[in-house]
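Reproduced below: final.tsv, with TSV, C-alpha atoms.
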```
chain	number	residue	atom	x	y	z
A	1	MET	CA	0.00	0.00	0.00
A	2	SER	CA	1.41	3.43	-0.87
A	3	ALA	CA	1.87	6.14	1.74
A	4	LEU	CA	-0.93	8.11	0.07
A	5	HIS	CA	-3.46	5.49	1.09
A	6	LYS	CA	-2.32	5.16	4.68
A	7	ARG	CA	-4.20	6.93	7.44
A	8	ILE	CA	-3.60	7.10	11.14
A	9	PHE	CA	-6.19	8.05	13.71
A	10	ILE	CA	-5.00	9.29	17.10
A	11	ASN	CA	-7.60	8.71	19.75
A	12	LEU	CA	-7.09	11.14	22.61
A	13	ALA	CA	-10.66	11.01	23.92
A	14	ASP	CA	-10.06	9.12	27.14
A	15	ILE	CA	-6.56	10.19	28.11
A	16	GLN	CA	-6.00	10.46	31.86
A	17	ASN	CA	-3.03	12.85	31.78
A	18	LEU	CA	-1.28	15.13	29.31
A	19	THR	CA	2.18	16.58	29.85
A	20	ASN	CA	4.23	18.76	27.52
A	21	ASP	CA	6.79	16.02	26.90
A	22	ALA	CA	3.97	13.84	25.58
A	23	ILE	CA	2.68	16.69	23.42
A	24	VAL	CA	6.07	17.39	21.87
A	25	VAL	CA	6.60	13.69	21.11
A	26	LEU	CA	3.15	13.53	19.57
A	27	ILE	CA	3.77	16.59	17.41
A	28	SER	CA	7.11	15.30	16.20
A	29	ILE	CA	5.61	11.93	15.27
A	30	VAL	CA	2.57	13.43	13.56
A	31	THR	CA	4.66	15.82	11.47
A	32	ASP	CA	6.97	12.97	10.54
A	33	PHE	CA	3.97	10.98	9.26
A	34	THR	CA	2.67	14.02	7.40
A	35	ARG	CA	6.08	14.56	5.81
A	36	ARG	CA	5.91	11.00	4.49
A	37	GLY	CA	2.47	11.58	3.01
A	38	ILE	CA	0.54	9.69	5.66
A	39	LYS	CA	-2.69	11.38	6.70
A	40	VAL	CA	-3.19	11.83	10.41
A	41	GLN	CA	-6.53	12.52	12.04
A	42	GLY	CA	-7.57	12.57	15.64
A	43	ASN	CA	-10.07	13.64	18.21
A	44	TYR	CA	-9.98	15.91	21.25
A	45	PRO	CA	-9.61	14.79	24.86
A	46	LYS	CA	-12.98	14.67	26.64
A	47	ASN	CA	-11.37	16.19	29.71
A	48	GLN	CA	-11.65	19.98	29.29
A	49	LEU	CA	-8.36	20.62	31.12
A	50	PHE	CA	-6.40	18.42	28.70
A	51	LYS	CA	-8.30	19.82	25.71
A	52	ASP	CA	-7.31	23.35	26.77
A	53	LYS	CA	-3.72	22.26	27.31
A	54	LEU	CA	-3.53	20.70	23.86
A	55	GLU	CA	-5.00	23.81	22.25
A	56	GLN	CA	-2.64	26.12	24.15
A	57	SER	CA	0.38	24.02	23.28
A	58	GLY	CA	0.61	25.01	19.64
A	59	PHE	CA	-0.31	21.43	18.66
A	60	PHE	CA	-2.78	22.76	16.10
A	61	GLU	CA	-0.13	24.78	14.34
A	62	TYR	CA	1.17	21.44	13.11
A	63	VAL	CA	-1.98	19.33	13.06
A	64	TYR	CA	-5.26	20.30	11.42
A	65	GLY	CA	-7.84	21.30	14.02
A	66	SER	CA	-9.55	24.28	15.60
A	67	VAL	CA	-8.52	26.24	18.67
A	68	SER	CA	-11.13	27.99	20.78
A	69	ASN	CA	-10.77	31.75	21.11
A	70	GLU	CA	-9.93	31.65	24.82
A	71	ASN	CA	-6.99	29.33	24.14
A	72	LYS	CA	-5.47	31.49	21.43
A	73	ASN	CA	-2.44	33.56	22.43
A	74	VAL	CA	-2.40	32.38	26.03
A	75	LYS	CA	0.76	33.83	27.53
A	76	ASN	CA	3.15	31.50	29.32
A	77	ALA	CA	1.31	28.31	28.56
A	78	ILE	CA	3.19	25.83	26.38
A	79	TYR	CA	5.61	26.97	23.74
A	80	THR	CA	6.42	24.52	21.00
A	81	LYS	CA	9.08	25.20	18.42
A	82	TYR	CA	11.04	23.23	15.88
A	83	SER	CA	14.11	23.84	13.77
A	84	THR	CA	17.22	22.15	12.40
A	85	GLU	CA	19.60	24.96	13.38
A	86	VAL	CA	21.11	26.06	16.66
A	87	GLU	CA	19.05	29.04	17.74
A	88	ALA	CA	20.88	30.69	20.63
A	89	VAL	CA	18.90	33.94	20.39
A	90	LYS	CA	15.56	32.16	20.53
A	91	SER	CA	16.64	29.91	23.37
A	92	TYR	CA	17.68	32.99	25.33
A	93	GLU	CA	14.17	34.43	24.94
A	94	ILE	CA	12.68	31.14	26.15
A	95	ASN	CA	15.18	31.01	28.99
A	96	ARG	CA	14.40	34.57	30.12
A	97	LEU	CA	10.68	33.84	30.23
A	98	ALA	CA	11.43	30.74	32.29
A	99	THR	CA	13.44	32.57	34.96
A	100	GLU	CA	10.78	35.27	35.05
A	101	THR	CA	8.13	32.68	35.90
A	102	VAL	CA	10.29	30.89	38.47
A	103	PHE	CA	12.46	33.58	40.05
A	104	GLY	CA	10.69	36.79	39.04
A	105	THR	CA	13.67	38.01	37.02
A	106	ASN	CA	14.17	37.74	33.29
A	107	ILE	CA	17.98	37.51	33.32
A	108	GLY	CA	17.92	33.89	32.17
A	109	SER	CA	19.93	30.94	33.48
A	110	GLU	CA	23.33	30.40	31.85
A	111	ASP	CA	23.09	26.68	32.50
A	112	ILE	CA	19.64	26.42	30.92
A	113	GLN	CA	21.02	28.32	27.91
A	114	ARG	CA	23.97	25.97	27.75
A	115	VAL	CA	21.73	22.91	27.87
A	116	LEU	CA	19.39	24.17	25.14
A	117	VAL	CA	22.22	25.11	22.79
A	118	GLU	CA	24.04	21.81	23.46
A	119	LEU	CA	20.87	19.86	22.65
A	120	MET	CA	20.29	21.80	19.43
A	121	MET	CA	23.91	21.17	18.44
A	122	ASN	CA	23.57	17.47	19.18
A	123	THR	CA	20.58	17.31	16.85
A	124	PHE	CA	22.50	19.17	14.14
A	125	LYS	CA	25.49	16.88	14.34
A	126	HIS	CA	24.35	13.53	15.67
A	127	ALA	CA	20.64	12.96	14.96
A	128	ASP	CA	21.86	11.33	11.78
A	129	PRO	CA	25.62	10.86	12.15
A	130	GLU	CA	26.12	10.72	8.40
A	131	ILE	CA	24.18	13.88	7.41
A	132	GLU	CA	24.29	17.16	9.29
A	133	ALA	CA	21.04	19.04	9.98
A	134	ALA	CA	19.06	16.02	8.77
A	135	GLU	CA	16.52	16.11	11.58
A	136	ASN	CA	14.44	18.71	13.36
A	137	TRP	CA	14.56	19.33	17.03
A	138	TRP	CA	11.39	20.18	18.91
A	139	LEU	CA	11.20	22.06	22.16
A	140	SER	CA	8.15	22.36	24.34
A	141	VAL	CA	8.22	24.64	27.38
A	142	GLU	CA	5.41	24.73	29.90
A	143	HIS	CA	5.02	27.45	32.51
A	144	ASP	CA	3.18	26.85	35.76
A	145	ASN	CA	2.73	30.32	37.21
A	146	ILE	CA	1.12	29.04	40.41
A	147	LEU	CA	3.79	26.46	41.32
A	148	LYS	CA	6.52	28.71	39.82
A	149	LYS	CA	7.81	25.86	37.77
A	150	VAL	CA	8.83	25.56	34.12
A	151	THR	CA	9.24	22.21	32.38
A	152	PHE	CA	11.30	21.68	29.25
A	153	ALA	CA	10.88	18.78	26.84
A	154	PHE	CA	13.33	18.54	23.95
A	155	ILE	CA	13.11	15.89	21.27
A	156	ASP	CA	14.87	14.97	18.09
A	157	ASN	CA	13.68	12.19	15.81
A	158	GLY	CA	17.16	11.09	14.87
A	159	VAL	CA	18.75	7.72	15.42
A	160	GLY	CA	19.18	8.25	19.17
A	161	ILE	CA	22.31	8.74	21.27
A	162	LEU	CA	23.27	5.08	21.55
A	163	SER	CA	22.66	4.26	17.90
A	164	SER	CA	24.66	7.29	16.75
A	165	ILE	CA	27.58	6.17	18.93
A	166	ASN	CA	27.38	2.62	17.63
A	167	LYS	CA	27.08	3.70	14.00
A	168	LEU	CA	30.10	5.97	14.14
A	169	ALA	CA	32.18	3.60	16.22
A	170	TYR	CA	31.43	0.87	13.69
A	171	LYS	CA	32.32	3.21	10.83
A	172	GLN	CA	35.62	4.03	12.47
A	173	GLY	CA	36.37	0.33	12.84
A	174	ILE	CA	36.48	0.30	16.62
A	175	PHE	CA	33.05	-1.14	17.24
A	176	LYS	CA	34.22	-4.39	18.83
A	177	SER	CA	36.66	-2.84	21.26
A	178	PHE	CA	34.22	-0.04	22.02
A	179	LYS	CA	31.39	-2.41	22.91
A	180	GLY	CA	33.74	-4.56	24.88
A	181	PHE	CA	34.31	-1.80	27.44
A	182	PHE	CA	30.76	-1.83	28.65
A	183	LYS	CA	28.15	-4.15	30.07
A	184	ASP	CA	24.99	-2.78	28.55
A	185	ASP	CA	23.35	0.26	26.92
A	186	ILE	CA	22.33	1.76	30.28
A	187	GLU	CA	25.95	1.81	31.33
A	188	ILE	CA	27.02	3.22	27.97
A	189	LEU	CA	24.56	6.11	28.33
A	190	ARG	CA	25.74	6.83	31.88
A	191	ASP	CA	29.36	6.77	30.73
A	192	ILE	CA	28.60	9.14	27.85
A	193	LEU	CA	27.12	11.63	30.31
A	194	ASP	CA	30.01	11.14	32.71
A	195	GLY	CA	32.40	11.96	29.86
A	196	LYS	CA	34.08	8.57	30.10
A	197	ILE	CA	33.43	7.44	26.54
A	198	LYS	CA	35.90	9.80	24.95
A	199	SER	CA	38.64	9.20	27.48
A	200	ARG	CA	38.24	5.43	27.26
A	201	THR	CA	38.04	5.14	23.51
A	202	GLY	CA	39.63	8.27	22.11
A	203	LEU	CA	36.47	9.03	20.17
A	204	SER	CA	36.24	12.66	19.23
A	205	PHE	CA	32.69	12.78	17.92
A	206	ARG	CA	30.90	12.65	21.26
A	207	GLY	CA	32.57	15.24	23.25
A	208	LYS	CA	31.66	17.61	25.92
A	209	GLY	CA	28.02	18.53	25.36
A	210	LEU	CA	26.23	15.74	27.19
A	211	PRO	CA	28.69	15.72	30.15
A	212	ALA	CA	28.17	19.50	30.40
A	213	ILE	CA	24.43	18.91	30.72
A	214	LEU	CA	25.00	16.44	33.56
A	215	ASN	CA	27.38	18.90	35.27
A	216	ALA	CA	24.75	21.64	35.07
A	217	PHE	CA	22.27	19.23	36.64
A	218	LYS	CA	24.79	18.46	39.43
A	219	ARG	CA	25.06	22.21	40.10
A	220	ASN	CA	21.31	22.07	40.77
A	221	SER	CA	20.58	24.41	37.88
A	222	PHE	CA	17.53	22.28	37.12
A	223	SER	CA	15.88	19.10	38.38
A	224	ASN	CA	14.40	15.83	37.24
A	225	LEU	CA	16.77	15.32	34.32
A	226	THR	CA	15.31	12.47	32.31
A	227	ILE	CA	16.61	10.98	29.07
A	228	ILE	CA	14.82	8.48	26.89
A	229	THR	CA	16.82	7.26	23.93
A	230	ASN	CA	16.85	3.99	21.99
A	231	ASN	CA	16.27	1.24	24.54
A	232	VAL	CA	17.14	3.23	27.67
A	233	TYR	CA	15.12	5.27	30.16
A	234	ALA	CA	17.28	7.26	32.58
A	235	ASN	CA	16.14	9.54	35.38
A	236	PHE	CA	19.18	11.16	36.98
A	237	ASP	CA	17.14	12.58	39.89
A	238	THR	CA	15.72	9.31	41.13
A	239	LYS	CA	18.66	7.33	39.72
A	240	HIS	CA	16.15	5.12	38.01
A	241	PHE	CA	17.67	3.55	34.91
A	242	ARG	CA	15.99	0.80	32.95
A	243	ALA	CA	15.77	-0.83	29.56
A	244	ILE	CA	12.63	-0.09	27.55
A	245	SER	CA	10.91	-1.94	24.78
A	246	PRO	CA	10.11	-1.17	22.02
A	247	ASP	CA	12.98	1.19	21.29
A	248	PHE	CA	12.39	4.94	21.26
A	249	MET	CA	13.77	6.20	17.95
A	250	GLY	CA	15.44	9.48	18.74
A	251	THR	CA	16.18	11.30	21.95
A	252	LEU	CA	13.84	12.90	24.46
A	253	ILE	CA	15.31	15.02	27.21
A	254	TYR	CA	13.15	16.44	29.98
A	255	PHE	CA	14.05	18.73	32.87
A	256	GLU	CA	12.41	21.19	35.26
A	257	LEU	CA	13.29	24.60	36.62
A	258	SER	CA	11.76	25.59	39.95
A	259	THR	CA	12.51	27.67	43.03
A	260	ASP	CA	14.38	24.64	44.44
A	261	ASN	CA	17.08	25.24	41.81
A	262	ASN	CA	19.98	27.69	41.71
A	263	LEU	CA	19.80	30.52	39.22
A	264	ILE	CA	23.15	29.85	37.53
B	1	MET	CA	38.05	51.05	17.88
B	2	GLN	CA	38.62	47.72	19.59
B	3	ASN	CA	40.97	47.85	22.56
B	4	PRO	CA	43.55	45.17	21.64
B	5	HIS	CA	44.18	44.32	25.29
B	6	TYR	CA	40.60	43.69	26.40
B	7	PHE	CA	37.76	41.74	24.77
B	8	LYS	CA	34.36	41.26	26.37
B	9	ILE	CA	32.39	38.60	24.49
B	10	ALA	CA	28.99	40.01	25.54
B	11	GLU	CA	29.84	43.52	24.31
B	12	ASN	CA	32.35	43.01	21.51
B	13	PHE	CA	30.70	39.97	19.93
B	14	SER	CA	27.31	38.78	21.14
B	15	LYS	CA	25.18	38.45	24.24
B	16	THR	CA	24.11	35.04	22.87
B	17	PRO	CA	27.16	33.07	21.70
B	18	GLY	CA	26.06	30.08	19.67
B	19	PRO	CA	27.54	26.89	18.21
B	20	ARG	CA	30.99	26.01	16.84
B	21	TYR	CA	30.52	26.55	13.11
B	22	ILE	CA	28.76	29.23	11.05
B	23	LYS	CA	26.70	26.57	9.26
B	24	GLU	CA	25.25	25.42	12.59
B	25	GLY	CA	23.68	28.73	13.60
B	26	VAL	CA	24.22	32.37	14.47
B	27	PHE	CA	27.05	33.85	16.58
B	28	SER	CA	29.30	30.84	16.24
B	29	ALA	CA	32.90	30.47	17.40
B	30	GLU	CA	33.94	30.35	13.75
B	31	LEU	CA	32.29	33.73	13.19
B	32	LEU	CA	34.01	35.19	16.25
B	33	LEU	CA	37.41	34.09	14.94
B	34	LYS	CA	36.62	35.30	11.43
B	35	ASP	CA	35.29	38.62	12.71
B	36	GLY	CA	38.62	39.70	14.11
B	37	PHE	CA	39.30	37.66	17.23
B	38	ARG	CA	41.84	35.48	15.41
B	39	LYS	CA	43.63	38.61	14.20
B	40	LEU	CA	43.53	40.09	17.68
B	41	TYR	CA	45.21	36.97	19.06
B	42	PHE	CA	47.89	36.72	16.38
B	43	ASP	CA	48.66	40.44	16.74
B	44	ALA	CA	49.08	39.93	20.49
B	45	LEU	CA	51.35	36.99	19.72
B	46	ASP	CA	53.47	39.06	17.31
B	47	LYS	CA	53.74	42.06	19.58
B	48	GLY	CA	54.09	40.06	22.78
B	49	TYR	CA	51.21	41.35	24.89
B	50	LYS	CA	48.28	39.61	26.63
B	51	ILE	CA	44.58	39.95	25.93
B	52	THR	CA	42.09	39.92	28.79
B	53	VAL	CA	38.96	38.02	27.75
B	54	ASP	CA	35.89	38.82	29.82
B	55	LEU	CA	33.39	35.96	29.70
B	56	ASP	CA	30.77	37.53	31.99
B	57	ASP	CA	27.29	38.80	31.09
B	58	THR	CA	26.46	36.59	28.13
B	59	ALA	CA	23.38	34.36	28.06
B	60	GLY	CA	25.71	31.36	28.53
B	61	TYR	CA	28.21	29.32	26.54
B	62	ALA	CA	27.94	25.96	24.85
B	63	THR	CA	31.07	23.86	25.29
B	64	SER	CA	31.56	23.83	21.51
B	65	PHE	CA	31.71	27.62	21.38
B	66	LEU	CA	34.50	27.74	23.96
B	67	GLU	CA	36.35	24.80	22.41
B	68	GLY	CA	35.75	26.14	18.90
B	69	THR	CA	37.36	29.43	19.88
B	70	PHE	CA	40.24	28.69	22.21
B	71	GLY	CA	40.83	25.05	21.26
B	72	GLU	CA	40.86	26.13	17.62
B	73	LEU	CA	43.44	28.86	18.27
B	74	ALA	CA	45.54	26.27	20.10
B	75	ARG	CA	45.36	24.00	17.05
B	76	GLU	CA	46.25	26.87	14.72
B	77	SER	CA	49.20	28.08	16.78
B	78	ASP	CA	50.57	26.62	19.97
B	79	PRO	CA	48.57	25.61	23.08
B	80	GLU	CA	51.19	27.07	25.41
B	81	LYS	CA	51.03	30.40	23.60
B	82	VAL	CA	47.23	30.48	23.87
B	83	LEU	CA	47.50	29.83	27.60
B	84	ASN	CA	50.16	32.53	27.93
B	85	HIS	CA	48.52	35.24	25.84
B	86	PHE	CA	45.03	35.20	27.32
B	87	ILE	CA	43.89	36.24	30.76
B	88	PHE	CA	40.37	35.01	31.40
B	89	ILE	CA	37.76	36.69	33.57
B	90	SER	CA	34.61	34.87	34.64
B	91	HIS	CA	33.49	36.16	38.02
B	92	LYS	CA	30.08	34.56	37.92
B	93	ARG	CA	30.88	31.17	36.42
B	94	PRO	CA	34.56	30.35	37.14
B	95	TRP	CA	34.19	26.87	35.66
B	96	TYR	CA	34.23	28.38	32.16
B	97	ILE	CA	37.92	29.18	32.69
B	98	ASP	CA	38.67	25.62	33.86
B	99	GLU	CA	36.86	24.28	30.81
B	100	ILE	CA	38.78	26.53	28.39
B	101	LYS	CA	42.10	25.48	29.92
B	102	GLU	CA	41.06	21.84	29.71
B	103	TYR	CA	40.24	22.24	25.99
B	104	ILE	CA	43.59	23.90	25.30
B	105	ASN	CA	45.41	21.18	27.25
B	106	ASP	CA	43.49	18.52	25.29
B	107	VAL	CA	44.89	20.02	22.08
B	108	LYS	CA	48.35	19.95	23.64
B	109	LYS	CA	47.99	16.23	24.45
B	110	ASN	CA	46.84	15.42	20.93
B	111	LYS	CA	49.41	17.52	19.04
```

Represent the structure from my file as structure tokens, please.
Amino acid sequence: MSALHKRIFINLADIQNLTNDAIVVLISIVTDFTRRGIKVQGNYPKNQLFKDKLEQSGFFEYVYGSVSNENKNVKNAIYTKYSTEVEAVKSYEINRLATETVFGTNIGSEDIQRVLVELMMNTFKHADPEIEAAENWWLSVEHDNILKKVTFAFIDNGVGILSSINKLAYKQGIFKSFKGFFKDDIEILRDILDGKIKSRTGLSFRGKGLPAILNAFKRNSFSNLTIITNNVYANFDTKHFRAISPDFMGTLIYFELSTDNNLI
Amino acid sequence: MQNPHYFKIAENFSKTPGPRYIKEGVFSAELLLKDGFRKLYFDALDKGYKITVDLDDTAGYATSFLEGTFGELARESDPEKVLNHFIFISHKRPWYIDEIKEYINDVKKNK
């Protein structure tokens, strides 16, 4: 059957929860289907709270559907954005709004800026290790003005951190020795973030970006750092690491900024 | 006219430094070097003076921007000379200076 004849229906009617990380994953998947000529339709959540959240998220900028007047241009709700490039100016605007919600000052957090730019760069370089700027990144930012909390969900639909490492290591002819250093993919991901991969293998392609994100987390610049990539789920706050199945194609990184964090 | 002895990234280049290469996005390390920072460094090298680089008051730095600037100059000249001809200021985030020195020393190890 050709792509033109394929249709997908997303049934959101009975969902029990809706977070911005789920919305950004949904948007990225839907637009990927659309790009491949597959028609996507869906329905609205029955729960009014989730329906409002979906409308405020910018979801309907990418998916056909109507947005009620009261949910248009809602300030500080969910911001969803995609690009292939590194957008330091835009991330600074997002960052300033975040510190305004949490700390009441719009100076921005240097560590949040660093994380956003590092993630955009990773997408540019590693989402497909053989072609630069092959994949979009998506960022969804949700402001909770009452709890003074901002959540960030960043996704790229590339091959994922572990697959990109494996692909390039294989290409460079060091795949066997590289794999031999580690027990499993969970440990590989932890070692990448600890900066041990490069020092152990001499690989230059995965450098300092992901360890810098972990260091910013250790400075308490944000909380609840969670990474889902390929077959690994990793929450660095709870130290909960586990294998997942089926694989998640790409990389999802989630973190939170609240008054418990340092403004660094 | 640019003071050859003092360079503040936030004022003399951009409040929002970006990625490593121009093709990756705006305000890259490559653009900084191309825009005159490379010349500033090599002039300082020729004339034997030091440049104070003030890292404060930007939105923040990606590791690739710092490596793409100072690591790149170390690759193009001599890591020891880069270490000797720059004085770094980062009052608010002193770890930027440690990172820059680490990147320059990495070049030294691999040369």

Pick out the residues sitting within 12 Å of range 50-67 of chain A, and hand them over as a ChimeraX atom specification; count only C-alpha atoms, and ignore anything fewer than 4 positions along from it in its own chain.
-> /A:10,12-35,39-46,71-82,138-144

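For the residues A:Arg242, A:Arg96, A:Lys196, A:Arg36, ranking by smallest atom-to-atom distance to chain B using only C-alpha atoms places A:Arg96 first.
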
Identify, on the basis of only C-alpha atoms, every residue whose closest approach to Ser14 in chain B does not exceed 10 Å; exclude the query and any residue fewer than 2 positions from it along the same chain; express the result as a PyMOL selection string.
-> (chain A and resi 89) or (chain B and resi 8-12+16-18+26-28+32+57-59)

Gap from CA of Gly60 in chain B to CA of Phe7 in chain B - Å, one decimal | 16.3 Å

For chain B, report every residue with an atom at most 12 Å from chain A (counting all atoms listed in the file), formatted as a ChimeraX atom specification.
-> /B:14-28,55-68,92-96,99-100,102-103,106-107,109-110

Would you work out the distance separating CA of Asn145 in chain A from CA of Arg219 in chain A, expressed in Å to one decimal?
-> 23.9 Å

For the atom pair CA of Thr259 in chain A and CA of Ile94 in chain A, what is the interatomic distance in Å to one decimal place?
-> 17.2 Å

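Distances from B:Pro79, B:His85, B:Phe70, B:Ala29 to Asp46 in chain B were compared using all atoms listed in the file, and the smallest one belongs to B:His85.
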
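Closest to Asp54 in chain B among B:Lys81, B:Arg75, B:Arg38, B:His5 is B:His5, based on only C-alpha atoms.
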
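At a cut-off of 7 Å from (45.5, 35.0, 20.4), the residue set is B:Arg38, B:Leu40, B:Tyr41, B:Phe42, B:Ala44, B:Leu45, B:Leu73, B:Val82, B:His85, B:Phe86 (counting all atoms listed in the file).
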
Using the file's own x, y and z axes, so that the box edges lie along x, y and z, what centre and edge lengths in Å (one decimal) does a box around every listed atom of range 89-108 of chain A get when 3 Å is added on each side? Give it as JSON.
```
{"center_x": 13.5, "center_y": 34.0, "center_z": 30.2, "size_x": 16.8, "size_y": 14.1, "size_z": 25.7}
```
